[in-house]
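protein.txt follows; it contains compact mmCIF, C-alpha atoms.
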# COMPACT_ATOMS: atom_id res chain seq x y z
CA MET A 1 81.37 131.02 180.10
CA ASN A 2 83.25 131.39 176.84
CA THR A 3 80.63 130.01 174.51
CA LEU A 4 81.21 131.39 171.05
CA THR A 5 78.79 132.18 168.31
CA ARG A 6 78.02 128.54 167.66
CA GLU A 7 77.07 127.17 164.32
CA ASN A 8 73.61 125.72 164.00
CA ARG A 9 73.86 122.88 161.48
CA ASP A 10 70.37 121.51 162.06
CA GLY A 11 68.90 124.83 161.07
CA ASP A 12 70.40 124.38 157.62
CA ARG A 13 69.31 120.81 157.17
CA THR A 14 66.03 121.57 155.48
CA GLN A 15 67.85 123.66 152.91
CA THR A 16 70.66 121.33 151.84
CA GLY A 17 71.31 121.08 148.16
CA GLN A 18 70.37 124.62 147.30
CA PHE A 19 73.09 126.31 149.28
CA VAL A 20 76.71 125.90 150.11
CA ALA A 21 78.14 126.79 153.53
CA PRO A 22 80.72 129.57 153.21
CA SER A 23 84.02 129.52 155.16
CA ALA A 24 83.85 131.62 158.29
CA SER A 25 86.14 132.83 161.06
CA VAL A 26 85.08 134.08 164.48
CA ILE A 27 87.35 136.42 166.42
CA GLU A 28 86.59 137.45 169.97
CA ALA A 29 87.64 140.88 171.12
CA GLY A 30 87.10 142.31 174.59
CA ASP A 31 83.77 143.96 173.90
CA GLY A 32 82.32 141.67 171.25
CA TYR A 33 82.87 139.26 168.39
CA LYS A 34 83.89 139.69 164.79
CA LEU A 35 82.53 137.20 162.27
CA GLU A 36 84.15 137.01 158.82
CA VAL A 37 82.33 135.07 156.10
CA GLU A 38 83.76 134.43 152.63
CA MET A 39 81.21 134.97 149.89
CA PRO A 40 82.96 135.52 146.55
CA GLY A 41 80.59 137.00 143.98
CA VAL A 42 78.22 138.47 146.57
CA ASN A 43 77.78 142.22 146.87
CA LYS A 44 75.64 144.41 149.12
CA ASP A 45 72.46 143.83 147.08
CA GLY A 46 72.73 140.05 147.24
CA LEU A 47 73.28 139.90 150.99
CA ASP A 48 70.56 139.00 153.46
CA ILE A 49 71.33 138.91 157.17
CA SER A 50 68.65 138.17 159.76
CA VAL A 51 68.29 137.34 163.44
CA GLU A 52 65.42 135.19 164.60
CA ASN A 53 65.03 133.18 167.82
CA ASN A 54 68.61 134.00 168.74
CA GLU A 55 69.83 132.56 165.44
CA LEU A 56 71.86 134.59 163.01
CA THR A 57 71.42 133.65 159.35
CA ILE A 58 73.67 134.99 156.62
CA ALA A 59 72.57 134.34 153.06
CA GLY A 60 74.34 135.56 149.94
CA ARG A 61 73.08 135.51 146.39
CA ARG A 62 75.93 135.49 143.91
CA SER A 63 76.06 137.80 140.92
CA LEU A 64 78.87 136.24 138.95
CA PRO A 65 80.55 137.86 135.97
CA VAL A 66 79.14 136.72 132.65
CA VAL A 67 81.95 135.30 130.53
CA GLU A 68 81.70 134.66 126.83
CA GLY A 69 82.85 131.24 125.64
CA THR A 70 82.72 127.60 126.67
CA LEU A 71 83.65 126.46 130.15
CA ILE A 72 86.65 124.16 129.76
CA HIS A 73 87.78 123.82 133.39
CA HIS A 74 85.39 124.10 136.32
CA GLU A 75 86.09 124.27 140.06
CA SER A 76 83.73 126.90 141.44
CA ARG A 77 80.32 126.03 142.87
CA PRO A 78 77.24 127.65 141.40
CA GLU A 79 75.12 127.53 144.57
CA ASN A 80 74.32 130.55 146.67
CA PHE A 81 75.67 130.81 150.20
CA ARG A 82 73.87 130.29 153.47
CA ARG A 83 74.96 129.65 157.02
CA THR A 84 73.33 129.88 160.43
CA PHE A 85 74.96 130.62 163.78
CA GLU A 86 73.54 130.50 167.26
CA LEU A 87 74.17 133.76 169.05
CA ASP A 88 75.92 133.77 172.38
CA PRO A 89 73.57 135.21 175.05
CA SER A 90 76.09 137.96 175.76
CA ILE A 91 75.56 139.47 172.28
CA ASP A 92 73.29 142.47 171.85
CA ALA A 93 71.36 141.42 168.72
CA ASN A 94 70.13 145.00 168.14
CA LYS A 95 73.64 146.29 167.71
CA ILE A 96 74.93 143.84 165.10
CA SER A 97 76.39 145.61 162.08
CA ALA A 98 77.76 144.29 158.79
CA ARG A 99 79.76 145.37 155.79
CA VAL A 100 80.86 143.59 152.62
CA GLU A 101 84.07 144.26 150.76
CA GLN A 102 85.40 142.21 147.83
CA GLY A 103 83.21 139.23 148.69
CA LEU A 104 84.15 139.20 152.36
CA VAL A 105 81.31 139.85 154.81
CA THR A 106 82.43 141.23 158.18
CA LEU A 107 79.92 141.31 161.03
CA THR A 108 80.52 143.13 164.28
CA LEU A 109 78.59 141.62 167.19
CA PRO A 110 78.95 143.76 170.30
CA LYS A 111 78.32 142.35 173.75
CA ALA A 112 75.42 143.77 175.71
CA GLU A 113 76.26 146.55 178.16
CA HIS A 114 75.37 144.44 181.18
CA VAL A 115 77.97 141.78 180.42
CA LYS A 116 80.85 144.15 179.67
CA PRO A 117 83.51 144.37 182.35
CA ARG A 118 82.90 147.33 184.58
CA LYS A 119 84.92 149.12 187.13
CA ILE A 120 83.25 150.08 190.35
CA THR A 121 84.68 153.03 192.11
CA VAL A 122 84.78 152.95 195.85
CA SER A 123 83.29 156.08 197.25
CA MET B 1 59.40 79.92 133.12
CA THR B 2 58.47 83.20 134.69
CA LEU B 3 58.50 86.27 132.61
CA ILE B 4 60.25 89.13 134.31
CA ARG B 5 59.75 92.51 132.80
CA TYR B 6 62.45 95.05 132.53
CA GLN B 7 62.58 97.34 135.49
CA ALA B 8 64.53 100.53 135.58
CA PRO B 9 67.10 100.20 138.36
CA GLU B 10 65.93 103.33 140.17
CA PHE B 11 62.48 101.78 140.68
CA ALA B 12 63.80 98.48 142.06
CA PRO B 13 61.50 97.46 144.92
CA TRP B 14 64.31 97.24 147.39
CA SER B 15 63.56 99.09 150.60
CA ALA B 16 67.16 99.11 151.74
CA ALA B 17 67.97 101.50 148.90
CA ASP B 18 66.24 104.29 150.82
CA ARG B 19 68.47 103.78 153.76
CA TRP B 20 71.56 103.85 151.61
CA SER B 21 70.52 106.97 149.83
CA ASN B 22 70.08 108.71 153.18
CA LEU B 23 73.50 107.59 154.24
CA ARG B 24 74.91 108.85 150.98
CA ASP B 25 73.27 112.24 151.50
CA ASP B 26 74.73 112.43 154.98
CA LEU B 27 78.18 111.57 153.73
CA ASN B 28 77.88 114.05 150.91
CA SER B 29 76.85 116.85 153.23
CA PHE B 30 79.83 115.99 155.43
CA PHE B 31 82.21 116.35 152.52
CA GLU B 32 80.57 119.62 151.54
CA LEU B 33 81.86 121.25 154.70
CA PRO B 34 84.31 124.04 153.85
CA PHE B 35 87.32 122.20 155.26
CA TRP B 36 86.91 119.24 152.96
CA SER B 37 86.18 121.19 149.86
CA SER B 38 89.28 123.30 150.30
CA PHE B 39 91.29 120.18 151.08
CA ALA B 40 90.09 118.54 147.88
CA ARG B 41 90.85 121.73 146.02
CA THR B 42 94.44 122.09 147.19
CA GLY B 43 95.20 118.38 147.26
CA GLN B 44 97.69 119.06 150.01
CA LEU B 45 97.32 119.89 153.64
CA PHE B 46 98.33 123.27 155.11
CA THR B 47 100.95 124.38 152.63
CA GLY B 48 99.43 127.67 151.63
CA TRP B 49 96.10 127.70 149.86
CA SER B 50 94.77 127.61 146.32
CA PRO B 51 91.64 129.39 145.13
CA ALA B 52 89.01 127.78 142.89
CA LEU B 53 89.48 128.54 139.20
CA ASP B 54 87.20 128.34 136.18
CA LEU B 55 88.55 128.59 132.64
CA TYR B 56 86.56 129.67 129.58
CA GLN B 57 87.51 129.66 125.94
CA SER B 58 85.95 131.63 123.09
CA SER B 59 87.19 132.19 119.55
CA ASP B 60 89.09 135.33 120.62
CA ASN B 61 89.92 134.88 124.30
CA VAL B 62 90.81 132.54 127.12
CA VAL B 63 89.29 133.78 130.39
CA ALA B 64 90.27 132.64 133.89
CA VAL B 65 87.88 133.36 136.80
CA LEU B 66 89.22 132.92 140.34
CA GLU B 67 87.46 133.14 143.71
CA LEU B 68 89.56 135.38 145.92
CA PRO B 69 87.32 136.87 148.61
CA GLY B 70 88.64 139.62 150.87
CA MET B 71 91.87 140.53 149.11
CA ARG B 72 93.38 143.88 148.33
CA LYS B 73 93.94 144.48 144.63
CA GLU B 74 97.60 145.34 145.32
CA ASP B 75 98.23 141.95 146.92
CA ILE B 76 97.35 139.93 143.79
CA GLU B 77 100.06 139.12 141.22
CA ILE B 78 99.41 137.65 137.81
CA SER B 79 102.16 136.20 135.62
CA LEU B 80 102.41 134.32 132.37
CA HIS B 81 105.28 131.97 131.62
CA ASP B 82 105.65 129.23 129.04
CA GLY B 83 101.92 128.97 128.39
CA THR B 84 101.09 128.73 132.07
CA LEU B 85 99.06 131.34 133.92
CA THR B 86 100.01 131.80 137.55
CA VAL B 87 98.17 133.89 140.12
CA THR B 88 99.89 134.41 143.46
CA GLY B 89 99.36 136.68 146.39
CA GLU B 90 99.05 136.99 150.08
CA ARG B 91 96.09 137.47 152.33
CA LYS B 92 97.36 139.51 155.20
CA ARG B 93 96.09 139.16 158.71
CA GLU B 94 94.37 142.34 159.78
CA SER B 95 96.26 144.25 162.43
CA ASN B 96 95.60 142.22 165.53
CA SER B 97 94.85 144.52 168.41
CA ASN B 98 95.52 143.15 171.85
CA GLY B 99 93.06 140.82 173.49
CA GLU B 100 91.71 139.37 170.24
CA LYS B 101 91.24 135.64 170.23
CA ALA B 102 90.31 133.38 167.31
CA GLU B 103 87.35 131.20 168.22
CA ARG B 104 86.94 129.54 164.86
CA THR B 105 89.30 129.77 161.90
CA GLU B 106 88.23 128.41 158.55
CA ARG B 107 89.52 131.22 156.36
CA TYR B 108 93.00 130.79 154.98
CA ILE B 109 95.52 133.47 155.81
CA GLY B 110 98.89 133.76 154.12
CA ARG B 111 100.24 133.03 150.68
CA PHE B 112 98.31 131.39 147.89
CA ARG B 113 99.33 130.18 144.47
CA ARG B 114 97.32 128.88 141.56
CA SER B 115 98.68 127.84 138.16
CA ILE B 116 97.00 126.49 135.07
CA ALA B 117 98.31 125.49 131.66
CA LEU B 118 96.50 127.46 128.98
CA PRO B 119 94.92 125.47 126.15
CA THR B 120 96.31 127.74 123.45
CA ARG B 121 98.87 130.46 122.81
CA VAL B 122 97.90 133.91 124.03
CA ASP B 123 99.14 137.44 123.39
CA ALA B 124 101.00 138.18 126.63
CA GLY B 125 101.05 141.90 125.92
CA LYS B 126 97.26 142.20 125.87
CA VAL B 127 96.32 140.40 129.09
CA SER B 128 93.93 142.35 131.31
CA ALA B 129 92.36 141.68 134.71
CA THR B 130 89.54 143.01 136.88
CA TYR B 131 88.81 142.33 140.56
CA ARG B 132 85.24 142.79 141.72
CA ASP B 133 83.17 141.35 144.62
CA GLY B 134 86.06 139.04 145.45
CA ILE B 135 86.21 137.53 141.95
CA LEU B 136 89.31 137.96 139.80
CA THR B 137 88.71 137.80 136.05
CA VAL B 138 91.79 137.50 133.82
CA THR B 139 91.18 137.96 130.08
CA LEU B 140 93.91 136.56 127.82
CA PRO B 141 93.44 137.36 124.11
CA LYS B 142 94.50 134.51 121.85
CA ALA B 143 97.61 134.94 119.72
CA GLU B 144 96.78 135.97 116.14
CA GLU B 145 98.18 132.77 114.64
CA VAL B 146 95.87 130.48 116.62
CA LYS B 147 92.67 132.44 116.02
CA PRO B 148 90.24 130.75 113.67
CA LYS B 149 90.55 132.16 110.15
CA GLN B 150 88.18 132.22 107.26
CA ILE B 151 89.82 131.27 103.99
CA GLN B 152 88.24 132.56 100.88
CA VAL B 153 87.86 130.40 97.79
CA ARG B 154 88.77 132.25 94.66
Can I see the file as structure tokens?
Amino acid sequence: MNTLTRENRDGDRTQTGQFVAPSASVIEAGDGYKLEVEMPGVNKDGLDISVENNELTIAGRRSLPVVEGTLIHHESRPENFRRTFELDPSIDANKISARVEQGLVTLTLPKAEHVKPRKITVS
Amino acid sequence: MTLIRYQAPEFAPWSAADRWSNLRDDLNSFFELPFWSSFARTGQLFTGWSPALDLYQSSDNVVAVLELPGMRKEDIEISLHDGTLTVTGERKRESNSNGEKAERTERYIGRFRRSIALPTRVDAGKVSATYRDGILTVTLPKAEEVKPKQIQVR
């Protein structure tokens, strides 16, 4: 019953090497899910979110600040971000919305009307 | 005596190498999962978190670039002490309304701390920082006495 928005690793397999999987958190609220994906260096223009065959793909192209000088200590990864999730059948794919703020992508995935809890009044 | 020509190791006709390279790819992709990379980054388990840092040096400046997605500018603190740059802060949990349940948690919440020894002396009074698209850039101008100088021959 409580299947979440599952990650689809196999979907990414063909693309390994070019992308790095960003950290993500999934929070379930009563009427839907909230998906938070960390994409430092990605802004609205570099973000590409698509739904196909019940799979949600979030891709982020980084536009990193250009710094003058030589790199003397390096920990960041240069790859762009990409991650695929399998949508829970309860989610209404047409109503997914997203926003990006300071490199954090927040997606709101509402549940379809027919799966929401409903009260039936006795007449 | 048989003459054996030099063969570059990568072309060695050893079929098992293929299998090993696949295994290596699989292992590599396993360690590329976010959990492992952040573990390797912090070097310690679950005692706050540490963001990735890149350091650049030019003739005039030392520049530190940190990945800090989803912060508020006000929650980042930058300090300079004894030639060490320290960036600390706290990522606050968003107001949790009732009935919310975490299904998957990979993002770190709470305090973070990152320090790095600077390669040269800097002018503490002229340090500036910008925070954009989740990337913090700290520019530290070098102290006058360590800047390269041209000496004229008379």
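For the pair atom CA of B:Lys101 and atom CA of A:Gln102, the separation is 24.1 Å.
Counting all atoms listed in the file, the residue from B:Thr137, B:Ser128, B:Thr120, B:Ser115 that sits nearest to B:Thr84 is B:Ser115.
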Can I get the residues of chain B within 8 Å of chain A, each with the closest pair of atoms and their distance in Å to one decimal, using all atoms listed in the file, sorted chain first then ascending number, as CSV?
residue,atom,partner,partner_atom,distance
B:Ser29,CA,A:Thr16,CA,7.8
B:Glu32,CA,A:Val20,CA,7.5
B:Leu33,CA,A:Ala21,CA,6.8
B:Pro34,CA,A:Ser23,CA,5.6
B:Ala52,CA,A:Glu75,CA,5.4
B:Leu53,CA,A:Glu75,CA,5.5
B:Asp54,CA,A:His74,CA,4.6
B:Leu55,CA,A:His73,CA,4.9
B:Tyr56,CA,A:Leu71,CA,4.4
B:Gln57,CA,A:Gly69,CA,4.9
B:Ser58,CA,A:Gly69,CA,4.0
B:Ser59,CA,A:Gly69,CA,7.5
B:Val63,CA,A:Val67,CA,7.5
B:Glu67,CA,A:Pro40,CA,5.8
B:Leu68,CA,A:Pro40,CA,6.6
B:Pro69,CA,A:Gly103,CA,4.7
B:Gly70,CA,A:Leu104,CA,4.7
B:Met71,CA,A:Gln102,CA,6.8
B:Gly99,CA,A:Ala29,CA,5.9
B:Glu100,CA,A:Ala29,CA,4.4
B:Lys101,CA,A:Glu28,CA,5.0
B:Ala102,CA,A:Ile27,CA,4.3
B:Glu103,CA,A:Val26,CA,5.2
B:Arg104,CA,A:Val26,CA,4.9
B:Thr105,CA,A:Ser25,CA,4.5
B:Glu106,CA,A:Ala24,CA,5.4
B:Arg107,CA,A:Ser23,CA,5.9
B:Arg132,CA,A:Gln102,CA,6.1
B:Asp133,CA,A:Gln102,CA,4.0
B:Gly134,CA,A:Gln102,CA,4.0
B:Ile135,CA,A:Pro40,CA,6.0
Using all atoms listed in the file and a cutoff of 8 Å, can you tell me which residues are near (76.2, 141.3, 172.8) in the file's coordinates, and write them out as number ranges by chain? A: 32, 88-93, 95, 109-113, 115
Distance cut-off 6 Å, centre (94.6, 133.3, 123.7) in file coordinates, counting all atoms listed in the file: which residues qualify? Return them as a ChimeraX atom specification. /B:61-62,120-122,140-143
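Of note, atom CA of A:Val66 and atom CA of B:Tyr131 are spaced 13.7 Å apart.
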Would you mind telling me which residue in A:Arg61, A:Arg118, A:Arg82, A:Val51 lies nearest to A:Asn94 when using only C-alpha atoms? A:Val51
Quick one: pull the distance between atom CA of B:Glu74 and atom CA of B:Val87, Å, one decimal. 12.6 Å
Near B:Ser79, within 12 Å and counting all atoms listed in the file, which residues show up once chain neighbours fewer than 5 positions away are dropped, as number ranges by chain? B: 84-89, 113-116, 124-125, 127-129, 138, 140
